[in-house]
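As structure tokens, the structure follows; a few thoughts come after it.
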Amino acid sequence: MKTLPLVVEHLSFTFAGRAAPTLRDISYSIEPGSWTVLAGRSGSGKSTLLRAMAGLIPHHSAGQMQGDVLMFGRNTRSSSPAELASQAGLLLQLPDDQICTTTVGAEIAFGLENLALPSEEIASRVRESLAGLGLRGRERQGTQQLSGGEKQRLALAAVLAMRPRLLLLDEPLSQLDAVAAAELLAELARLRDAGMAIVLAEHRLDEVLPYADRALVIDEGRLSADVAANQPARLCECLGAAGLAKPELAQLAEATGLPAVFDVDGFLREFGDRRPRPPAVGRTSGPSLGGGKIAATDRETDRRPYQGADAPRSPGAPVVIMRAEGLAFRFPRGKEAVFENLNFQLHAGERVAVVGANGSGKSTLLAMLAGLLRPTEGELAFAPDDGSSLQCFSAQCFLPQCGLMLQNPDLTLFCNTVREELAFGPRQAEAGEQFAAERVAAVATQLELTSLLDEPPLALSQGQRLRTAVGALLTLEPRLLLLDEPTTGQDQPHVTRLLAALAESVDPALHDKVAPALRDGDGGRSPAATESPPRSVGATARVGATQCLTFSTHDLRSVVRYADRTLVLADGRLLADCTPEELLDDDALLAAARLRRPPLFEVRRRLGLAGRTVAEMAEELRR
Amino acid sequence: MSASLSWTESTARDWLAEVDPRLKIAWVATLSLLSVLIDSTAALAMLFVLAALPLAGLRLGWRAWLAIGGVVLAMAWSTLASQAIFYTGEPRTALFTIVPSIDFGVWRFPGVRFYLEGAQYGLVQSLRFMGLSLAGLTVCLSTSPERLLVGLVRLRVPMGVSFMAMTAMRFLPTMLDEWATVRRARRLRGYRPRRRFGPAGWYQFSRDELQLLLPILAAAVRRATALATAASSRGFSPTAERTFYPELRMTLAEGLVLGLLVAASVLVSLTKLLLPVV
């Protein structure tokens with residue numbers, strides 16, 4: 001009789017100290033050589049289920065477990081995780097958290113040592129894994145020196161070196177850029193074809209569903225659906241019922257009256273053999289298809305598209321907030337520059353996305369724009385709000401006016417309550433308690449934090465923590481708001497709501513307002529600078545008074561929705577300063593920047609569509 | 001930033017990095033024993049120099065050297081000064097008076113003086129402590145946590161304890177990075193330290209710094225849980241039999257040095273037992 005990799009029978013689990021169970025009566029089985037996707041909102045129980053499948057529950061989690069998990073016929077209750085380790089590998093979300101040692105070779109060897117393999121066998125497997133990783137000869141390299149993508153690959157290689165027959169992955173794509181994610185998914189597909197059973201929990205369903213054989217939808221600890229991936233219509237229905245966003249291609253198919261599909265080729269097949277039209281210039285502004293999130297994103301597209309830094313400007317040139325000239329940065333003991341000769345300007349009324357692969361210098365650039373790092377070469381100048389001349393680098397000049405949200409929002413929350421967190425900035429500025437209270441109330445309303453003001457920030461949900469961290473910056477009324485990878489590791493709905501609120505708080509009309517003292521080109525160095533301070537520029541009625549939003553991300557879908565300009569970083573250079581559409585239409589630029597067109601935009605490109613939202617494209621296709 | 005005083009593969013020159021970790025541990029153990037047994041200031045000074053010599057095998061930036069030098073000097077001065085001021089032994093020779101004695105009639109404030117014998121005693125204590133600290137620092141900065149783990153296990157230290165030591169070394173740089181990140185985040189939110197002077201300012205400063213522990217501790221707890229999950233899922237058990245990938249083979253030269261260390265320890269111990277006045 002065939003022994004299945006995994007059989008879960010009526011599994012329920014309640015963590016110690018909690019009244020409600022995290023997992024409720026879940027039953028399913030996993031076939032060898034299959035790829036199963038676990039889909040569910042944050043906190044739905046996906047990670048707990050993965051830990052139960054790996055045999056870590058109940059051994060390593062205090063709580064009450066009911067039902068059974070059988071891994072290759074062995075009951076995980078009666079087998080220790082160490083005994084099960086040779087059968088199943090578990091890859092966690094953050095590679096930094098699962099790397100147990102300090103060198104590449106030692107990390108791969110760690111699991112093999114635990115299996116008590118002889119050192120010759122370990123050496124052979126380490127060499128094999130290093131070759132597979134493309135890290136041959138770097139056995140003694142420190143793991144801290146690897147990029148995020150390399151760390152994730154190392155973590156996977158360390159698990160695979162143990163040659164498991166079942167691979168469990170908890171959001172492995174969250175830290176990876178699109179190209180690295182595609183490489184990882186291709187590697188997993190190869191393993192599946194070789195007979196390994198794969199179970200993968202992931203939010204990025206657009207990317208993983210084309211590879212999957214089956215999806216389990218988890219909703220509030222229950223298995224709400226168990227659907228084969230070749231039934232996309234039913235799967236989409238189940239995803240919607242569990243409060244999850246459907247993959248965009250499926251949304252487009254639905255909106256155009258086609259059967260739901262998850263992959264580009266499938267969509268094109270369904271759509272029929274149409275001759276692609278040439279790529280469109282500009283875009284059409286089709287009517288919105290209706291309510292919900294699509295309608296919200298449609299409103300974003302009603303803005304005037306940004307014309308690019310070198311585009312000819314009207315006599316009323318946009319107000320420059322920041323100017324970078326010949327900017328370069330090198331870490332004190334770094335061998336190579338992180339980037340060199342960056343030239344760009346940030347203007348009022350802009351929403352700018354900084355994109356690039358893992359390790360392209362996006363975070364370093366944002367830290368520099370916020371005044372945290374001093375450029376090693378070049379000049380970075382900031383226009384103060386009082387209308388005086390652009391000022392060259394000075395942290396004192398930058399800090400009150402630039403708000404930077406760091407990549408891990410949890411590390412920016414250090415107060416006892418959300419209210420204190422939001423009031424921290426105004427209090428430091430000695431702006432008065434009444435002013436601080438007014439700012440807290442306004443920002444809390446804008447970010448839907450009002451009911452949470454007396455809660456401890458670190459006890460909130462992931463999305464609420466993210467909003468609190470951003471809110472703590474907004475109460476300082478920064479003119480330039482910088483967000484470092486707000487989309488990484490976050491639920492799409494959290495990011496959508498936050499970015500939509502922030503993008504809306506930047507008034508695009510500011511872009512067209514002319515401030516004589518700070519015109520693009522003269523940098524405010526004219527005598528008029530001191531004569532007519534353009535206070536009116538900053539005097540918007542919007543909460544936060546943010547004049548320019550700049551965010552870095554891997555997620556090109558967010559770029560298209562919430563940015564009107566893109567700075568593309570790669571190989572230490574600014575490869576392009578263009579609109580999101582220009583980026584998505586340029587194959588060579590995408591390849592050079594190690595970026596990938598999202599499936600929806602691959603369809604847009606191949607069918608020669610001009611729209612940039614599901615609604616706009618669907619309207620074009622219907623026509 | 002954090003890597004400046006924590007192990008990386010390039011913090012030590014090859015000859016020091018390659019030394020058998022068991023010999024390094026024996027080196028620290030011998031220094032500990034000799035520091036306790038020896039009372040002579042001159043001998044302790046020699047021991048301190050011996051302990052400091054391997055530092056030459058480290059490749060550190062000037063900031064790290066400055067930090068080490070600063071800590072050593074601060075430790076030496078604080079131990080010496082505190083012992084010199086609060087020395088109660090007799091006889092004692094006052095080198096200078098810090099606060100003169102005051103007669104209150106019913107009670108006489110004895111004053112505060114700096115005593116020569118106390119300073120000498122403080123110097124001896126600081127030499128003992130500093131030598132050991134430098135030797136321990138050299139071992140930590142020149143040995144990869146994995147080699148240290150094998151060294152400890154080969155010396156029969158329980159696997160659970162050895163693994164904890166290795167993990168602490170692995171995560172020290174990460175925690176320092178996080179501390180720097182939290183401070184950066186606070187700075188980005190307009191924090192201006194110590195605007196008030198005097199005790200109130202110091203109280204505020206201490207309170208502000210303690211506040212930063214909250215996210216760091218939360219992250220440490222989350223990471224500890226994740227690491228335990230990762231290690232367990234990869235078959236780690238503190239009690240199960242396991243093999244070790246790094247091979248430890250003591251060279252002839254290392255064996256000779258180890259013999260010398262053992263001989264020195266035995267010799268000094270016997271001398272101290274037989275001739276306690278030395």
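Chain lettering (A, B, ...) mirrors the order of the structure tokens, residue numbering begins at 1 for each chain separately, and ligand numbering begins at 1 in order of display.
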Determine, counting only C-alpha atoms, which protein, DNA and RNA residues have an atom within 10 Å of an atom of Leu23 (chain B); residues of the same chain fewer than 4 positions away are not included. Present the result as a PDB file with N, CA and C atoms, in the first residue's frame.
```pdb
ATOM      1  N   VAL B  19      43.917  28.378  14.789  1.00  0.00           N
ATOM      2  CA  VAL B  19      44.354  27.719  16.034  1.00  0.00           C
ATOM      3  C   VAL B  19      43.203  26.877  16.594  1.00  0.00           C
ATOM      4  N   TRP B  27      43.927  28.231  26.888  1.00  0.00           N
ATOM      5  CA  TRP B  27      44.676  29.481  27.115  1.00  0.00           C
ATOM      6  C   TRP B  27      43.935  30.393  28.091  1.00  0.00           C
ATOM      7  N   VAL B  28      42.635  30.549  27.863  1.00  0.00           N
ATOM      8  CA  VAL B  28      41.833  31.399  28.756  1.00  0.00           C
ATOM      9  C   VAL B  28      41.748  30.766  30.143  1.00  0.00           C
ATOM     10  N   ALA B  29      41.581  29.457  30.182  1.00  0.00           N
ATOM     11  CA  ALA B  29      41.477  28.771  31.481  1.00  0.00           C
ATOM     12  C   ALA B  29      42.778  28.918  32.272  1.00  0.00           C
ATOM     13  N   VAL B 139      39.577  35.316  21.872  1.00  0.00           N
ATOM     14  CA  VAL B 139      39.035  34.007  21.489  1.00  0.00           C
ATOM     15  C   VAL B 139      37.717  34.180  20.737  1.00  0.00           C
ATOM     16  N   GLY B 151      34.842  22.768  19.732  1.00  0.00           N
ATOM     17  CA  GLY B 151      35.864  22.793  20.786  1.00  0.00           C
ATOM     18  C   GLY B 151      35.254  22.528  22.155  1.00  0.00           C
ATOM     19  N   MET B 250      44.678  18.772  16.346  1.00  0.00           N
ATOM     20  CA  MET B 250      45.682  19.604  16.997  1.00  0.00           C
ATOM     21  C   MET B 250      47.059  19.327  16.380  1.00  0.00           C
ATOM     22  N   GLU B 254      50.722  23.102  18.393  1.00  0.00           N
ATOM     23  CA  GLU B 254      49.609  23.408  19.312  1.00  0.00           C
ATOM     24  C   GLU B 254      49.660  22.478  20.526  1.00  0.00           C
ATOM     25  N   GLY B 255      50.038  21.236  20.284  1.00  0.00           N
ATOM     26  CA  GLY B 255      50.157  20.274  21.375  1.00  0.00           C
ATOM     27  C   GLY B 255      51.243  20.708  22.362  1.00  0.00           C
ATOM     28  N   VAL B 257      52.318  23.797  22.865  1.00  0.00           N
ATOM     29  CA  VAL B 257      51.841  24.980  23.614  1.00  0.00           C
ATOM     30  C   VAL B 257      50.873  24.541  24.710  1.00  0.00           C
ATOM     31  N   LEU B 258      49.996  23.605  24.358  1.00  0.00           N
ATOM     32  CA  LEU B 258      49.040  23.105  25.354  1.00  0.00           C
ATOM     33  C   LEU B 258      49.798  22.478  26.533  1.00  0.00           C
ATOM     34  N   GLY B 259      50.857  21.715  26.213  1.00  0.00           N
ATOM     35  CA  GLY B 259      51.669  21.111  27.267  1.00  0.00           C
ATOM     36  C   GLY B 259      52.300  22.174  28.152  1.00  0.00           C
ATOM     37  N   LEU B 261      51.162  25.176  28.706  1.00  0.00           N
ATOM     38  CA  LEU B 261      50.107  25.805  29.523  1.00  0.00           C
ATOM     39  C   LEU B 261      49.777  24.931  30.729  1.00  0.00           C
TER      40      LEU B 261
END
```
Ser174 (chain A) environment, 12 Å, only C-alpha atoms, sequence neighbours closer than 2 positions dropped, as an NGL selection string: :A and (92-95 or 148-149 or 152 or 169-172 or 176-178 or 180-181 or 184 or 201-205 or 207-208 or 358 or 485-492 or 553-555)
Restricted to C-alpha atoms, what would the selected residues look like written as a PDB file, in the first residue's frame?
```pdb
ATOM      1  CA  LEU A  92      10.462  29.746   7.194  1.00  0.00           C
ATOM      2  CA  GLN A  93       9.537  33.214   5.992  1.00  0.00           C
ATOM      3  CA  LEU A  94      12.578  35.192   7.124  1.00  0.00           C
ATOM      4  CA  PRO A  95      15.918  33.630   6.228  1.00  0.00           C
ATOM      5  CA  GLY A 148      18.370  38.600   1.268  1.00  0.00           C
ATOM      6  CA  GLY A 149      17.844  36.504  -1.848  1.00  0.00           C
ATOM      7  CA  GLN A 152      16.791  32.484   1.241  1.00  0.00           C
ATOM      8  CA  LEU A 169       7.521  26.385   2.891  1.00  0.00           C
ATOM      9  CA  ASP A 170       6.144  29.337   4.856  1.00  0.00           C
ATOM     10  CA  GLU A 171       5.958  32.425   2.619  1.00  0.00           C
ATOM     11  CA  PRO A 172       9.343  31.831   1.009  1.00  0.00           C
ATOM     12  CA  LEU A 176      12.577  38.015  -2.826  1.00  0.00           C
ATOM     13  CA  ASP A 177      12.461  40.168  -5.912  1.00  0.00           C
ATOM     14  CA  ALA A 178      10.438  38.864  -8.843  1.00  0.00           C
ATOM     15  CA  ALA A 180      14.669  35.512  -7.542  1.00  0.00           C
ATOM     16  CA  ALA A 181      11.113  34.387  -6.768  1.00  0.00           C
ATOM     17  CA  LEU A 184      12.927  29.661  -6.605  1.00  0.00           C
ATOM     18  CA  ALA A 201       1.925  28.977   2.190  1.00  0.00           C
ATOM     19  CA  GLU A 202       2.057  32.256   0.316  1.00  0.00           C
ATOM     20  CA  HIS A 203       0.326  35.606  -0.155  1.00  0.00           C
ATOM     21  CA  ARG A 204       1.731  36.130  -3.654  1.00  0.00           C
ATOM     22  CA  LEU A 205      -0.877  33.900  -5.288  1.00  0.00           C
ATOM     23  CA  GLU A 207       3.050  33.969  -8.847  1.00  0.00           C
ATOM     24  CA  VAL A 208       2.525  30.560  -7.216  1.00  0.00           C
ATOM     25  CA  ASN A 358      17.524  42.621  -4.047  1.00  0.00           C
ATOM     26  CA  GLU A 485       9.683  48.261   1.107  1.00  0.00           C
ATOM     27  CA  PRO A 486       6.226  48.738   2.636  1.00  0.00           C
ATOM     28  CA  THR A 487       4.960  45.820   0.534  1.00  0.00           C
ATOM     29  CA  THR A 488       7.530  43.257   1.710  1.00  0.00           C
ATOM     30  CA  GLY A 489       6.131  40.516   3.911  1.00  0.00           C
ATOM     31  CA  GLN A 490       2.761  42.233   4.183  1.00  0.00           C
ATOM     32  CA  ASP A 491      -0.707  41.097   3.282  1.00  0.00           C
ATOM     33  CA  GLN A 492      -1.754  42.704   0.003  1.00  0.00           C
ATOM     34  CA  THR A 553       9.329  48.050  -3.596  1.00  0.00           C
ATOM     35  CA  HIS A 554       9.687  44.819  -5.535  1.00  0.00           C
ATOM     36  CA  ASP A 555       6.012  44.808  -6.308  1.00  0.00           C
TER      37      ASP A 555
END
```
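One finds CA of Asp97 (chain A) at 5.7 Å from CA of Arg223 (chain B).
Residue nearest chain B within the list A:Ser80, A:Gln231, A:Thr450, A:Thr14: A:Ser80 [criterion: smallest interatomic distance, only C-alpha atoms].
Proximity to Ala242 (chain A) was assessed for A:Arg605, A:Glu619, A:Asp219, A:Leu342 counting only C-alpha atoms; the smallest distance is recorded for A:Asp219.
The protein and nucleic acid residues lying at most 7 Å from Asp206 (chain A) are A:Pro247, A:Glu248, A:Phe262, with only C-alpha atoms considered and sequence neighbours fewer than 5 positions away removed.
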Please indicate the distance in Å from CA of Pro478 (chain A) to CA of Arg427 (chain A), rounded to one decimal place. 15.0 Å
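For region 196-207 of chain B, the set of protein, DNA and RNA residues having any atom at most 12 Å away, when counting only C-alpha atoms and skipping those fewer than 6 positions along the same chain, is Phe414 and Cys415 of chain A; Leu213 and Leu214 of chain B.
Distances to Phe110 (chain A) were evaluated for A:Val338, A:Leu252, A:Leu154, A:Ala194 using only C-alpha atoms, and the minimum falls at A:Leu154.
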Quick one: residues within 10 Å of region 226-235 of chain B, only C-alpha atoms counted, chain neighbours fewer than 3 positions away excluded, as a tab-separated table (two decimals) with N, CA and C atoms, in the first residue's frame?
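Listing of part.tsv after writing:
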```tsv
chain	number	residue	atom	x	y	z
A	51	ARG	N	3.55	24.12	10.85
A	51	ARG	CA	4.33	23.59	11.97
A	51	ARG	C	3.77	22.25	12.46
A	54	ALA	N	4.96	19.68	10.08
A	54	ALA	CA	6.37	19.35	10.25
A	54	ALA	C	6.62	18.55	11.53
A	55	GLY	N	5.57	18.35	12.33
A	55	GLY	CA	5.72	17.59	13.56
A	55	GLY	C	6.21	18.42	14.73
A	56	LEU	N	6.26	19.75	14.55
A	56	LEU	CA	6.73	20.61	15.66
A	56	LEU	C	5.61	20.82	16.68
A	59	HIS	N	5.07	18.99	19.92
A	59	HIS	CA	6.30	18.87	20.71
A	59	HIS	C	6.90	20.22	21.10
A	60	HIS	N	6.81	21.23	20.22
A	60	HIS	CA	7.47	22.49	20.49
A	60	HIS	C	6.52	23.66	20.69
A	61	SER	N	5.24	23.38	20.83
A	61	SER	CA	4.27	24.45	21.07
A	61	SER	C	3.36	24.01	22.19
A	80	SER	N	9.57	12.31	17.43
A	80	SER	CA	10.10	13.64	17.73
A	80	SER	C	10.42	14.36	16.43
A	81	PRO	N	10.45	15.70	16.47
A	81	PRO	CA	10.81	16.45	15.25
A	81	PRO	C	12.16	16.01	14.70
A	82	ALA	N	13.09	15.67	15.59
A	82	ALA	CA	14.40	15.24	15.11
A	82	ALA	C	14.29	13.95	14.29
A	83	GLU	N	13.39	13.08	14.70
A	83	GLU	CA	13.20	11.82	13.95
A	83	GLU	C	12.54	12.07	12.59
A	84	LEU	N	11.71	13.11	12.55
A	84	LEU	CA	10.98	13.39	11.31
A	84	LEU	C	11.79	14.26	10.35
A	85	ALA	N	12.90	14.82	10.86
A	85	ALA	CA	13.64	15.81	10.08
A	85	ALA	C	14.17	15.27	8.76
A	86	SER	N	14.48	13.99	8.71
A	86	SER	CA	15.02	13.45	7.47
A	86	SER	C	13.92	13.26	6.43
A	88	ALA	N	10.93	15.41	6.30
A	88	ALA	CA	10.28	16.67	5.92
A	88	ALA	C	11.20	17.85	6.22
A	89	GLY	N	11.25	18.79	5.29
A	89	GLY	CA	12.02	20.02	5.49
A	89	GLY	C	11.06	21.19	5.61
A	90	LEU	N	11.40	22.13	6.50
A	90	LEU	CA	10.55	23.31	6.70
A	90	LEU	C	11.37	24.56	6.42
A	91	LEU	N	10.87	25.41	5.53
A	91	LEU	CA	11.54	26.67	5.22
A	91	LEU	C	10.66	27.80	5.74
A	92	LEU	N	11.25	28.67	6.58
A	92	LEU	CA	10.46	29.75	7.19
A	92	LEU	C	10.51	31.01	6.35
A	93	GLN	N	9.71	31.99	6.78
A	93	GLN	CA	9.54	33.21	5.99
A	93	GLN	C	10.80	34.06	5.93
A	94	LEU	N	11.43	34.30	7.10
A	94	LEU	CA	12.58	35.19	7.12
A	94	LEU	C	13.86	34.37	7.20
A	95	PRO	N	14.71	34.46	6.20
A	95	PRO	CA	15.92	33.63	6.23
A	95	PRO	C	16.82	33.94	7.42
A	96	ASP	N	16.82	35.20	7.84
A	96	ASP	CA	17.69	35.56	8.97
A	96	ASP	C	17.33	34.80	10.24
A	97	ASP	N	16.06	34.44	10.36
A	97	ASP	CA	15.61	33.76	11.57
A	97	ASP	C	15.93	32.28	11.58
A	98	GLN	N	16.22	31.71	10.42
A	98	GLN	CA	16.40	30.26	10.39
A	98	GLN	C	17.83	29.86	10.11
A	99	ILE	N	18.69	30.84	9.87
A	99	ILE	CA	20.09	30.51	9.65
A	99	ILE	C	20.73	30.36	11.03
A	100	CYS	N	21.14	29.15	11.34
A	100	CYS	CA	21.57	28.84	12.71
A	100	CYS	C	23.06	29.10	12.91
A	110	PHE	N	24.70	21.93	9.04
A	110	PHE	CA	24.05	21.86	10.35
A	110	PHE	C	23.03	20.71	10.44
A	111	GLY	N	22.13	20.64	9.49
A	111	GLY	CA	21.10	19.59	9.53
A	111	GLY	C	21.72	18.21	9.34
A	112	LEU	N	22.77	18.14	8.52
A	112	LEU	CA	23.41	16.85	8.24
A	112	LEU	C	24.14	16.34	9.49
A	113	GLU	N	24.70	17.27	10.25
A	113	GLU	CA	25.34	16.89	11.53
A	113	GLU	C	24.28	16.33	12.48
A	114	ASN	N	23.10	16.98	12.46
A	114	ASN	CA	22.04	16.51	13.35
A	114	ASN	C	21.55	15.12	12.97
A	115	LEU	N	21.69	14.80	11.67
A	115	LEU	CA	21.32	13.44	11.23
A	115	LEU	C	22.44	12.45	11.52
A	116	ALA	N	23.52	12.96	12.11
A	116	ALA	CA	24.68	12.13	12.49
A	116	ALA	C	25.31	11.45	11.28
A	155	ALA	N	19.10	29.00	2.81
A	155	ALA	CA	18.21	28.30	3.74
A	155	ALA	C	17.54	27.12	3.05
A	158	ALA	N	20.09	24.38	2.52
A	158	ALA	CA	20.39	23.67	3.77
A	158	ALA	C	19.32	22.64	4.08
A	159	VAL	N	18.07	22.99	3.76
A	159	VAL	CA	16.97	22.03	3.97
A	159	VAL	C	17.07	20.89	2.96
A	162	MET	N	19.37	17.82	3.26
A	162	MET	CA	18.94	16.70	4.11
A	162	MET	C	18.10	15.70	3.32
B	167	THR	N	24.89	30.12	19.68
B	167	THR	CA	23.76	30.92	19.20
B	167	THR	C	23.88	32.36	19.68
B	220	ALA	N	13.78	39.81	19.75
B	220	ALA	CA	14.62	38.70	20.21
B	220	ALA	C	13.77	37.48	20.56
B	221	VAL	N	12.63	37.73	21.21
B	221	VAL	CA	11.73	36.62	21.56
B	221	VAL	C	11.20	35.96	20.29
B	222	ARG	N	10.78	36.80	19.33
B	222	ARG	CA	10.25	36.25	18.08
B	222	ARG	C	11.33	35.44	17.36
B	223	ARG	N	12.56	35.98	17.37
B	223	ARG	CA	13.64	35.29	16.65
B	223	ARG	C	14.01	33.99	17.36
B	238	PRO	N	19.44	18.62	21.74
B	238	PRO	CA	20.64	18.76	22.58
B	238	PRO	C	21.12	17.43	23.14
B	240	ALA	N	20.55	14.28	21.46
B	240	ALA	CA	20.74	13.21	20.47
B	240	ALA	C	22.20	13.16	20.00
B	242	ARG	N	25.12	13.31	17.48
B	242	ARG	CA	25.33	14.04	16.22
B	242	ARG	C	26.80	14.01	15.87
```
Compile the contact shell of Leu273 (chain B) as JSON, numbers by chain: residues with an atom at most 12 Å away, counting only C-alpha atoms, same-chain residues fewer than 5 positions apart removed. {"B": [37, 38, 266, 267, 268, 278]}
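The coordinates place CA of Gly403 (chain A) at 19.3 Å from CA of Arg565 (chain A).
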If you run DSSP on this backbone, which residues of region 364-453 of chain A come out as alpha helix (DSSP H), and could you give them as a PyMOL selection string? chain A and resi 364-369+395-398+418-428+433-446
I'd like the neighbourhood of region 175-188 of chain B as a VMD selection string, where a residue qualifies if any of its atoms comes within 10 Å (using only C-alpha atoms), though same-chain residues fewer than 3 positions away should be ignored. (chain A and resid 367 370 to 372 395 398 to 414 424 to 425 469 473 476) or (chain B and resid 1 to 3 5 to 6 168 170 to 172 191 to 193 208 to 209 212 to 217 219 to 220)
Taking C-alpha atoms for each residue, export the selection above as an mmCIF file, in the first residue's frame.
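Saved as out.cif:
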```cif
data_model
loop_
_atom_site.group_PDB
_atom_site.id
_atom_site.type_symbol
_atom_site.label_atom_id
_atom_site.label_comp_id
_atom_site.auth_asym_id
_atom_site.auth_seq_id
_atom_site.Cartn_x
_atom_site.Cartn_y
_atom_site.Cartn_z
ATOM 1 C CA ALA A 367 18.303 56.335 4.096
ATOM 2 C CA ALA A 370 16.193 60.923 4.837
ATOM 3 C CA GLY A 371 19.517 62.364 5.954
ATOM 4 C CA LEU A 372 20.694 59.228 7.773
ATOM 5 C CA ALA A 395 20.868 65.908 8.959
ATOM 6 C CA PHE A 398 16.513 66.906 6.607
ATOM 7 C CA LEU A 399 15.158 65.148 9.645
ATOM 8 C CA PRO A 400 12.159 67.256 10.555
ATOM 9 C CA GLN A 401 10.986 67.384 6.950
ATOM 10 C CA CYS A 402 11.674 63.839 5.745
ATOM 11 C CA GLY A 403 9.920 60.885 7.287
ATOM 12 C CA LEU A 404 11.417 57.469 6.584
ATOM 13 C CA MET A 405 9.669 54.248 7.509
ATOM 14 C CA LEU A 406 12.288 51.550 7.830
ATOM 15 C CA GLN A 407 11.866 48.082 6.368
ATOM 16 C CA ASN A 408 10.916 46.387 9.628
ATOM 17 C CA PRO A 409 8.178 48.547 11.158
ATOM 18 C CA ASP A 410 8.258 46.563 14.405
ATOM 19 C CA LEU A 411 11.670 47.997 15.226
ATOM 20 C CA THR A 412 10.295 51.520 15.011
ATOM 21 C CA LEU A 413 7.652 51.011 17.694
ATOM 22 C CA PHE A 414 9.062 51.666 21.142
ATOM 23 C CA PHE A 424 6.266 61.104 20.156
ATOM 24 C CA GLY A 425 7.363 63.331 17.271
ATOM 25 C CA ALA A 469 4.666 53.096 12.258
ATOM 26 C CA LEU A 473 5.910 59.697 10.974
ATOM 27 C CA LEU A 476 5.613 65.055 12.257
ATOM 28 C CA MET B 1 28.754 48.769 12.460
ATOM 29 C CA SER B 2 27.818 45.812 14.595
ATOM 30 C CA ALA B 3 30.390 43.577 12.978
ATOM 31 C CA LEU B 5 33.273 43.918 17.635
ATOM 32 C CA SER B 6 31.826 40.561 16.725
ATOM 33 C CA ALA B 168 24.523 33.891 21.421
ATOM 34 C CA ARG B 170 25.602 34.154 16.123
ATOM 35 C CA PHE B 171 22.925 36.634 17.128
ATOM 36 C CA LEU B 172 25.002 39.265 18.887
ATOM 37 C CA TYR B 191 14.348 62.596 19.080
ATOM 38 C CA ARG B 192 16.750 65.005 20.685
ATOM 39 C CA PRO B 193 18.690 63.465 23.566
ATOM 40 C CA ASP B 208 14.677 56.900 26.865
ATOM 41 C CA GLU B 209 17.376 54.270 26.380
ATOM 42 C CA LEU B 212 14.392 51.080 23.241
ATOM 43 C CA LEU B 213 14.656 47.629 24.800
ATOM 44 C CA LEU B 214 10.975 47.008 24.122
ATOM 45 C CA PRO B 215 11.164 46.383 20.349
ATOM 46 C CA ILE B 216 14.574 44.722 20.669
ATOM 47 C CA LEU B 217 13.320 42.262 23.263
ATOM 48 C CA ALA B 219 12.263 40.906 18.181
ATOM 49 C CA ALA B 220 14.621 38.699 20.211
#
```
